[in-house]
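Undergrad: run_11.tsv is the file, holding TSV, C-alpha atoms:
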```
chain	number	residue	atom	x	y	z
A	1	MET	CA	24.60	19.63	8.05
A	2	SER	CA	23.17	20.08	4.56
A	3	LEU	CA	19.83	21.57	3.52
A	4	GLU	CA	17.87	19.23	1.23
A	5	LYS	CA	14.56	19.43	-0.63
A	6	THR	CA	12.27	16.72	-2.01
A	7	GLU	CA	8.65	16.01	-2.82
A	8	ALA	CA	7.07	13.59	-0.36
A	9	VAL	CA	3.86	12.06	1.00
A	10	LEU	CA	3.32	11.55	4.73
A	11	LEU	CA	3.06	7.88	5.75
A	12	LYS	CA	2.96	7.98	9.56
A	13	SER	CA	3.78	10.25	12.48
A	14	PHE	CA	4.77	9.58	16.10
A	15	ASN	CA	4.14	12.27	18.71
A	16	TRP	CA	6.74	12.47	21.46
A	17	SER	CA	6.03	15.88	23.05
A	18	GLU	CA	3.26	18.48	23.10
A	19	SER	CA	4.84	20.32	20.18
A	20	SER	CA	7.11	17.85	18.36
A	21	ARG	CA	6.97	14.49	16.58
A	22	THR	CA	8.83	12.15	14.25
A	23	VAL	CA	7.32	11.96	10.77
A	24	VAL	CA	7.87	9.18	8.23
A	25	PHE	CA	7.57	10.15	4.56
A	26	PHE	CA	7.75	8.40	1.22
A	27	SER	CA	9.93	10.87	-0.67
A	28	ARG	CA	10.80	10.94	-4.34
A	29	ARG	CA	14.54	11.60	-3.88
A	30	PHE	CA	15.30	9.67	-0.69
A	31	GLY	CA	12.66	6.90	-0.47
A	32	LYS	CA	11.29	6.26	3.03
A	33	LEU	CA	12.55	9.08	5.19
A	34	ALA	CA	12.04	9.73	8.91
A	35	LEU	CA	12.46	13.33	10.07
A	36	VAL	CA	12.02	15.21	13.33
A	37	ASP	CA	9.28	17.84	13.23
A	38	ARG	CA	10.36	20.28	15.93
A	39	GLY	CA	7.46	22.42	17.08
A	40	GLY	CA	5.33	21.32	14.14
A	41	ARG	CA	2.38	20.36	16.37
A	42	SER	CA	2.21	23.84	17.87
A	43	LEU	CA	-0.50	26.19	16.60
A	44	LYS	CA	2.10	28.94	16.72
A	45	SER	CA	4.32	27.25	14.13
A	46	ARG	CA	4.95	29.62	11.21
A	47	ARG	CA	5.98	27.07	8.62
A	48	GLY	CA	3.71	25.09	6.29
A	49	ARG	CA	1.40	22.43	7.69
A	50	LEU	CA	1.85	18.69	7.34
A	51	LEU	CA	-1.19	17.10	5.68
A	52	PRO	CA	-2.18	13.46	5.17
A	53	PHE	CA	-2.91	12.38	1.60
A	54	ALA	CA	-0.96	15.22	0.04
A	55	ARG	CA	2.09	15.77	-2.12
A	56	MET	CA	4.32	18.23	-0.28
A	57	GLU	CA	7.69	19.74	-1.00
A	58	ILE	CA	9.66	19.40	2.21
A	59	THR	CA	12.87	21.26	3.01
A	60	PHE	CA	14.92	19.62	5.74
A	61	TYR	CA	18.31	19.60	7.39
A	62	HIS	CA	20.17	16.33	6.91
A	63	SER	CA	23.17	15.19	8.93
A	64	GLU	CA	25.26	12.07	8.39
A	65	LYS	CA	26.24	12.16	12.08
A	66	GLU	CA	22.67	12.09	13.43
A	67	THR	CA	20.08	9.36	12.90
A	68	ARG	CA	17.32	11.86	12.07
A	69	GLY	CA	17.28	15.12	10.19
A	70	TYR	CA	14.66	17.73	10.93
A	71	ILE	CA	12.07	19.59	8.90
A	72	SER	CA	12.71	23.21	8.00
A	73	ASP	CA	9.72	24.06	5.76
A	74	ILE	CA	6.77	22.55	3.91
A	75	ASP	CA	5.00	23.67	0.73
A	76	LEU	CA	1.80	22.02	-0.47
A	77	VAL	CA	1.87	20.66	-4.04
A	78	ARG	CA	-1.37	18.66	-4.26
A	79	ALA	CA	-3.90	17.47	-1.67
A	80	TRP	CA	-6.50	14.71	-2.06
A	81	SER	CA	-9.74	15.19	-0.15
A	82	PHE	CA	-11.33	11.74	-0.79
A	83	GLU	CA	-14.74	13.40	-0.29
A	84	SER	CA	-16.49	11.88	-3.31
A	85	ASP	CA	-19.17	9.18	-3.05
A	86	GLY	CA	-17.74	6.30	-0.99
A	87	SER	CA	-15.43	8.55	1.03
A	88	LEU	CA	-14.93	6.00	3.84
A	89	GLY	CA	-13.70	3.41	1.34
A	90	ARG	CA	-11.40	5.98	-0.27
A	91	LEU	CA	-9.92	6.86	3.11
A	92	ALA	CA	-9.52	3.17	4.00
A	93	TYR	CA	-7.72	2.24	0.78
A	94	GLY	CA	-5.59	5.40	0.82
A	95	SER	CA	-4.60	4.74	4.44
A	96	ALA	CA	-3.87	1.07	3.68
A	97	ALA	CA	-1.51	2.06	0.84
A	98	CYS	CA	0.36	4.41	3.20
A	99	GLU	CA	0.49	1.65	5.82
A	100	LEU	CA	1.92	-0.83	3.29
A	101	CYS	CA	4.59	1.64	2.21
A	102	HIS	CA	5.53	2.32	5.82
A	103	LEU	CA	5.80	-1.40	6.56
A	104	LEU	CA	7.62	-2.50	3.41
A	105	LEU	CA	9.81	0.29	2.06
A	106	PRO	CA	13.53	0.13	2.91
A	107	GLU	CA	15.05	3.08	4.78
A	108	GLU	CA	16.40	5.91	2.62
A	109	GLU	CA	16.56	3.96	-0.63
A	110	PRO	CA	15.42	6.12	-3.59
A	111	LEU	CA	12.52	4.53	-5.50
A	112	PRO	CA	11.32	7.35	-7.79
A	113	ARG	CA	9.28	5.14	-10.14
A	114	LEU	CA	7.48	3.51	-7.23
A	115	TYR	CA	6.87	6.95	-5.71
A	116	ASP	CA	5.27	8.12	-8.97
A	117	PHE	CA	3.12	4.97	-9.05
A	118	PHE	CA	2.06	5.61	-5.43
A	119	THR	CA	0.98	9.19	-6.11
A	120	THR	CA	-0.83	8.09	-9.29
A	121	PHE	CA	-2.66	5.49	-7.19
A	122	LEU	CA	-3.80	8.26	-4.80
A	123	GLU	CA	-5.08	10.23	-7.81
A	124	TYR	CA	-7.16	7.21	-8.82
A	125	VAL	CA	-8.50	6.76	-5.29
A	126	GLU	CA	-9.67	10.39	-5.44
A	127	ALA	CA	-11.32	10.12	-8.86
A	128	VAL	CA	-12.63	6.63	-9.69
A	129	ASP	CA	-16.12	5.28	-9.10
A	130	LYS	CA	-16.33	3.72	-5.63
A	131	ARG	CA	-17.00	0.32	-7.24
A	132	SER	CA	-13.51	0.48	-8.78
A	133	LEU	CA	-11.65	1.18	-5.53
A	134	ALA	CA	-11.01	-2.47	-4.61
A	135	GLY	CA	-9.53	-3.35	-8.00
A	136	VAL	CA	-7.27	-0.29	-7.99
A	137	PHE	CA	-6.05	-1.05	-4.46
A	138	ILE	CA	-5.38	-4.73	-5.20
A	139	ALA	CA	-3.39	-3.72	-8.32
A	140	PHE	CA	-1.35	-1.31	-6.17
A	141	PHE	CA	-0.81	-3.99	-3.49
A	142	LEU	CA	0.44	-6.49	-6.08
A	143	ARG	CA	2.72	-3.96	-7.82
A	144	LEU	CA	4.24	-2.90	-4.50
A	145	LEU	CA	4.94	-6.52	-3.53
A	146	SER	CA	6.48	-7.26	-6.92
A	147	GLN	CA	8.70	-4.18	-7.06
A	148	LEU	CA	10.04	-4.96	-3.59
A	149	GLY	CA	10.85	-8.57	-4.52
A	150	TYR	CA	7.78	-10.40	-3.16
A	151	HIS	CA	6.23	-11.42	-6.50
A	152	PRO	CA	3.37	-13.89	-5.89
A	153	SER	CA	3.32	-16.86	-8.28
A	154	LEU	CA	-0.13	-16.79	-9.90
A	155	THR	CA	0.12	-18.02	-13.48
A	156	ASP	CA	2.33	-21.05	-12.68
A	157	CYS	CA	2.45	-23.50	-9.77
A	158	SER	CA	4.83	-22.21	-7.11
A	159	VAL	CA	6.13	-25.78	-6.58
A	160	CYS	CA	6.49	-27.46	-10.01
A	161	GLY	CA	6.15	-24.46	-12.34
A	162	ARG	CA	3.36	-25.91	-14.47
A	163	PRO	CA	0.60	-23.49	-15.60
A	164	ILE	CA	-2.28	-23.11	-13.17
A	165	GLU	CA	-5.63	-24.21	-14.60
A	166	PRO	CA	-8.46	-23.00	-12.33
A	167	ASN	CA	-11.05	-25.74	-11.82
A	168	GLY	CA	-13.66	-24.60	-9.32
A	169	SER	CA	-11.06	-23.15	-6.93
A	170	VAL	CA	-7.32	-22.55	-6.67
A	171	ALA	CA	-5.19	-23.41	-3.63
A	172	MET	CA	-2.91	-20.58	-2.47
A	173	SER	CA	0.04	-21.30	-0.18
A	174	GLU	CA	1.43	-18.48	1.93
A	175	GLU	CA	4.57	-20.55	2.61
A	176	ARG	CA	5.19	-21.21	-1.10
A	177	GLY	CA	4.32	-17.66	-2.09
A	178	GLY	CA	1.54	-18.37	-4.58
A	179	ALA	CA	-0.75	-20.87	-6.25
A	180	VAL	CA	-0.20	-24.64	-5.96
A	181	CYS	CA	-1.54	-27.09	-8.54
A	182	PRO	CA	-3.54	-30.17	-7.37
A	183	SER	CA	-0.60	-32.52	-8.08
A	184	CYS	CA	1.68	-30.64	-5.69
A	185	GLN	CA	-0.76	-30.14	-2.83
A	186	SER	CA	0.03	-31.95	0.41
A	187	PRO	CA	-2.55	-32.92	3.06
A	188	ALA	CA	-0.12	-31.71	5.72
A	189	ASP	CA	0.05	-28.16	4.32
A	190	TYR	CA	-2.38	-25.27	4.82
A	191	TYR	CA	-3.98	-23.60	1.80
A	192	ILE	CA	-6.39	-20.74	1.22
A	193	HIS	CA	-8.81	-21.69	-1.52
A	194	LEU	CA	-9.82	-18.92	-3.90
A	195	SER	CA	-12.83	-19.27	-6.19
A	196	ALA	CA	-12.06	-19.34	-9.91
A	197	ASN	CA	-13.54	-15.82	-10.27
A	198	CYS	CA	-11.44	-14.42	-7.42
A	199	PHE	CA	-8.32	-16.03	-8.81
A	200	ALA	CA	-9.07	-14.61	-12.28
A	201	HIS	CA	-9.33	-11.11	-10.75
A	202	LEU	CA	-6.09	-11.59	-8.83
A	203	ALA	CA	-4.12	-12.91	-11.81
A	204	ALA	CA	-5.41	-10.16	-14.12
A	205	LEU	CA	-4.67	-7.38	-11.63
A	206	GLN	CA	-1.09	-8.55	-11.17
A	207	GLU	CA	-0.36	-7.40	-14.73
A	208	ALA	CA	-2.92	-4.57	-14.95
A	209	SER	CA	-2.26	-0.86	-15.08
A	210	LEU	CA	-4.24	1.28	-12.66
A	211	LYS	CA	-6.40	2.38	-15.58
A	212	GLU	CA	-7.17	-1.24	-16.42
A	213	ALA	CA	-7.74	-2.10	-12.76
A	214	ALA	CA	-10.32	0.69	-12.49
A	215	LEU	CA	-12.47	-1.16	-15.05
A	216	ARG	CA	-12.85	-4.19	-12.75
A	217	ALA	CA	-15.78	-4.07	-10.36
A	218	ILE	CA	-15.02	-6.58	-7.59
A	219	SER	CA	-17.64	-7.49	-4.98
A	220	PHE	CA	-17.05	-7.07	-1.26
A	221	ARG	CA	-16.96	-10.84	-0.76
A	222	GLN	CA	-14.37	-11.29	-3.53
A	223	THR	CA	-12.31	-8.38	-2.18
A	224	SER	CA	-12.26	-9.94	1.30
A	225	GLN	CA	-11.03	-13.29	-0.06
A	226	ILE	CA	-8.34	-11.70	-2.20
A	227	LEU	CA	-7.08	-9.42	0.57
A	228	GLU	CA	-6.92	-12.37	2.98
A	229	VAL	CA	-4.60	-14.13	0.55
A	230	LEU	CA	-2.42	-11.05	0.02
A	231	THR	CA	-2.09	-10.24	3.73
A	232	ARG	CA	-1.15	-13.86	4.49
A	233	LEU	CA	1.44	-13.81	1.69
A	234	LEU	CA	2.71	-10.52	3.10
A	235	ALA	CA	3.05	-12.05	6.57
A	236	SER	CA	4.87	-15.14	5.33
A	237	GLN	CA	7.09	-13.65	2.62
A	238	ALA	CA	7.87	-10.24	4.09
A	239	GLY	CA	7.51	-10.99	7.81
A	240	VAL	CA	4.69	-8.49	8.32
A	241	LYS	CA	2.41	-9.91	11.00
A	242	GLY	CA	-1.27	-9.14	11.50
A	243	ASP	CA	-3.91	-7.57	9.31
A	244	LEU	CA	-3.62	-4.09	7.90
A	245	LYS	CA	-5.20	-1.83	10.54
A	246	SER	CA	-6.45	0.55	7.85
A	247	LEU	CA	-8.67	-2.14	6.32
A	248	GLU	CA	-10.21	-3.51	9.51
A	249	PHE	CA	-13.33	-1.35	9.33
A	250	LEU	CA	-14.01	-2.14	5.65
A	251	HIS	CA	-16.31	-4.93	6.82
A	252	LYS	CA	-18.67	-2.20	7.99
A	253	LEU	CA	-18.95	-1.00	4.40
A	254	LYS	CA	-20.34	-4.28	3.07
A	255	ASN	CA	-23.73	-2.88	2.16
A	256	GLY	CA	-22.14	-0.10	0.18
A	257	ASN	CA	-19.78	-2.34	-1.78
A	258	GLY	CA	-22.09	-5.19	-2.83
```
The structure given in the file should be rewritten as structure tokens.

TA:
Amino acid sequence: MSLEKTEAVLLKSFNWSESSRTVVFFSRRFGKLALVDRGGRSLKSRRGRLLPFARMEITFYHSEKETRGYISDIDLVRAWSFESDGSLGRLAYGSAACELCHLLLPEEEPLPRLYDFFTTFLEYVEAVDKRSLAGVFIAFFLRLLSQLGYHPSLTDCSVCGRPIEPNGSVAMSEERGGAVCPSCQSPADYYIHLSANCFAHLAALQEASLKEAALRAISFRQTSQILEVLTRLLASQAGVKGDLKSLEFLHKLKNGNG
């Protein structure tokens, strides 16, 4: 059994006794990593604490014979409080990003560039104006889908490949994985229709950096439409069923998001 060390962010934990749990991390060296946290829930534990929304250096024992290694020690590198104006939205979008990573990342496949993008996203969630949160999250959502092979077709028709020309609204097909031009639409198929403005946001954010995404102020109504499209694409293309639990209460923030 070898002793390993990596930087990581906590994605989800599962309690299975009064003192112990299984913890799933997104780690820089090992990708998504599930470890046993023996005694970590106990107030008497002498090692470092696990924190949500934090970069931590975790030391753990890893065995090729066992399905799970176990945590030996934890050192805090950087924690995000999300206590600025719009803290509920910051918590919701930060939690949704962790939920997406937990759902989509392959087991123990190193993805260091994606890890760096994820931690940079959390830095933006901590710092940007609350009106920029939706754009930054949508850009993260799109980049995550693309880097894991689920690249939505937005500039060209997902059926014939001709350029999409928004005219009032654009039909999005979850089955086809993107936009469908009027010539290729079938009465028998189901489409989600995005307004031209929503589609323009979505197409721009697919190629935007987080810095560029932070300059886009997207209304609550537009955000809801765009996220409906992305979650339906996620369900169809990646087999993830249901809405993201972390975003369910965002509807309560309507008055604060415009």

Undergrad: Skip segment 132-143 of chain A itself and residues of its chain fewer than 4 positions away, then list as a PyMOL selection string all residues within 6 Å of it, counting only C-alpha atoms.

TA: chain A and resi 205-206+210+213-214+216-217

Undergrad: Find the residues near segment 15-25 of chain A: any atom within 9 Å, counting all atoms listed in the file, skip ones fewer than 2 places away on the same chain, and give them as a list in words.

TA: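 Returned residues: Ala8, Val9, Leu10, Leu11, Lys12, Ser13, Ser27, Gly31, Lys32, Leu33, Ala34, Leu35, Val36, Asp37, Arg38, Gly39, Gly40, Arg41, Ser42, Leu43, Arg68, Tyr70 and His102 of chain A.
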
Undergrad: Just the number, please: distance in Å from atom CA of Glu83 of chain A to atom CA of Ala54 of chain A, one decimal.

TA: 13.9 Å

Undergrad: Using all atoms listed in the file, which of A:Tyr191, A:Phe60, A:Phe220, A:Tyr150 sits nearest Leu234 of chain A?

TA: A:Tyr150

Undergrad: Measuring atom to atom with only C-alpha atoms, identify which of A:Glu248, A:Ile218, A:Leu230, A:Phe26 is nearest to Asp116 of chain A.

TA: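 Of all the options, A:Phe26 lies closest to Asp116 of chain A.
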
Undergrad: Quick one: distance from atom CA of Gly69 of chain A to atom CA of Leu114 of chain A in Å, one decimal?

TA: 23.1 Å

Undergrad: Take the point (4.8, -14.8, -0.8) as written in the file and pick out every residue within 6 Å of it, counting only C-alpha atoms; give the list as a list in words.

TA: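 Output: Tyr150, Pro152, Glu174, Gly177, Leu233 and Gln237 of chain A.
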
Undergrad: Which of these, A:Glu175, A:Glu207, A:Asp189, A:Asp75, has the shortest distance to Ala235 of chain A once you count all atoms listed in the file?

TA: A:Glu175

Undergrad: Let me make sure I understand: among A:Ser87, A:Ser95, A:Thr59, A:Ser209, which one has the smallest atom-to-atom distance to Leu244 of chain A if we use all atoms listed in the file?

TA: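 Distance minimum relative to Leu244 of chain A lands on A:Ser95.
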
Undergrad: When you draw a straight line from atom CA of Ser72 of chain A to atom CA of Ile58 of chain A, how long is it in Å?

TA: 7.6 Å

Undergrad: Nearest residue to His151 of chain A out of A:Ile226, A:Leu91, A:Val125, A:Ala203, using only C-alpha atoms?

TA: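 Once distances to His151 of chain A are computed over only C-alpha atoms, the minimum belongs to A:Ala203.
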
Undergrad: Compare A:Leu111, A:Ala179, A:Leu145, A:Ala204 by their minimum atom-to-atom distance to Pro163 of chain A, counting only C-alpha atoms, and give me the closest one.

TA: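 Of all the options, A:Ala179 lies closest to Pro163 of chain A.
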
Undergrad: Could you please give me, as a PyMOL selection string, the residues of protein, DNA or RNA lying at most 6 Å from (-9.6, -13.4, -5.0) in the coordinate frame of the file, considering only C-alpha atoms?

TA: chain A and resi 194+198-199+202+222+225-226

Undergrad: With a distance cut-off of 9 Å and only C-alpha atoms, select the neighbouring residues of Phe82 of chain A, excluding the residue or stretch itself and same-chain residues fewer than 3 positions from it, and output the selection as an MDAnalysis selection string.

TA: chainID A and resid 53 85:91 94 125:127

Undergrad: Keeping only C-alpha atoms, take the residues you just selected and write them out as a compact mmCIF listing (two decimals), keeping the file's coordinate frame.

TA:
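The new file result.txt reads:
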```txt
# COMPACT_ATOMS: atom_id res chain seq x y z
CA PHE A 53 -2.91 12.38 1.60
CA ASP A 85 -19.17 9.18 -3.05
CA GLY A 86 -17.74 6.30 -0.99
CA SER A 87 -15.43 8.55 1.03
CA LEU A 88 -14.93 6.00 3.84
CA GLY A 89 -13.70 3.41 1.34
CA ARG A 90 -11.40 5.98 -0.27
CA LEU A 91 -9.92 6.86 3.11
CA GLY A 94 -5.59 5.40 0.82
CA VAL A 125 -8.50 6.76 -5.29
CA GLU A 126 -9.67 10.39 -5.44
CA ALA A 127 -11.32 10.12 -8.86
```
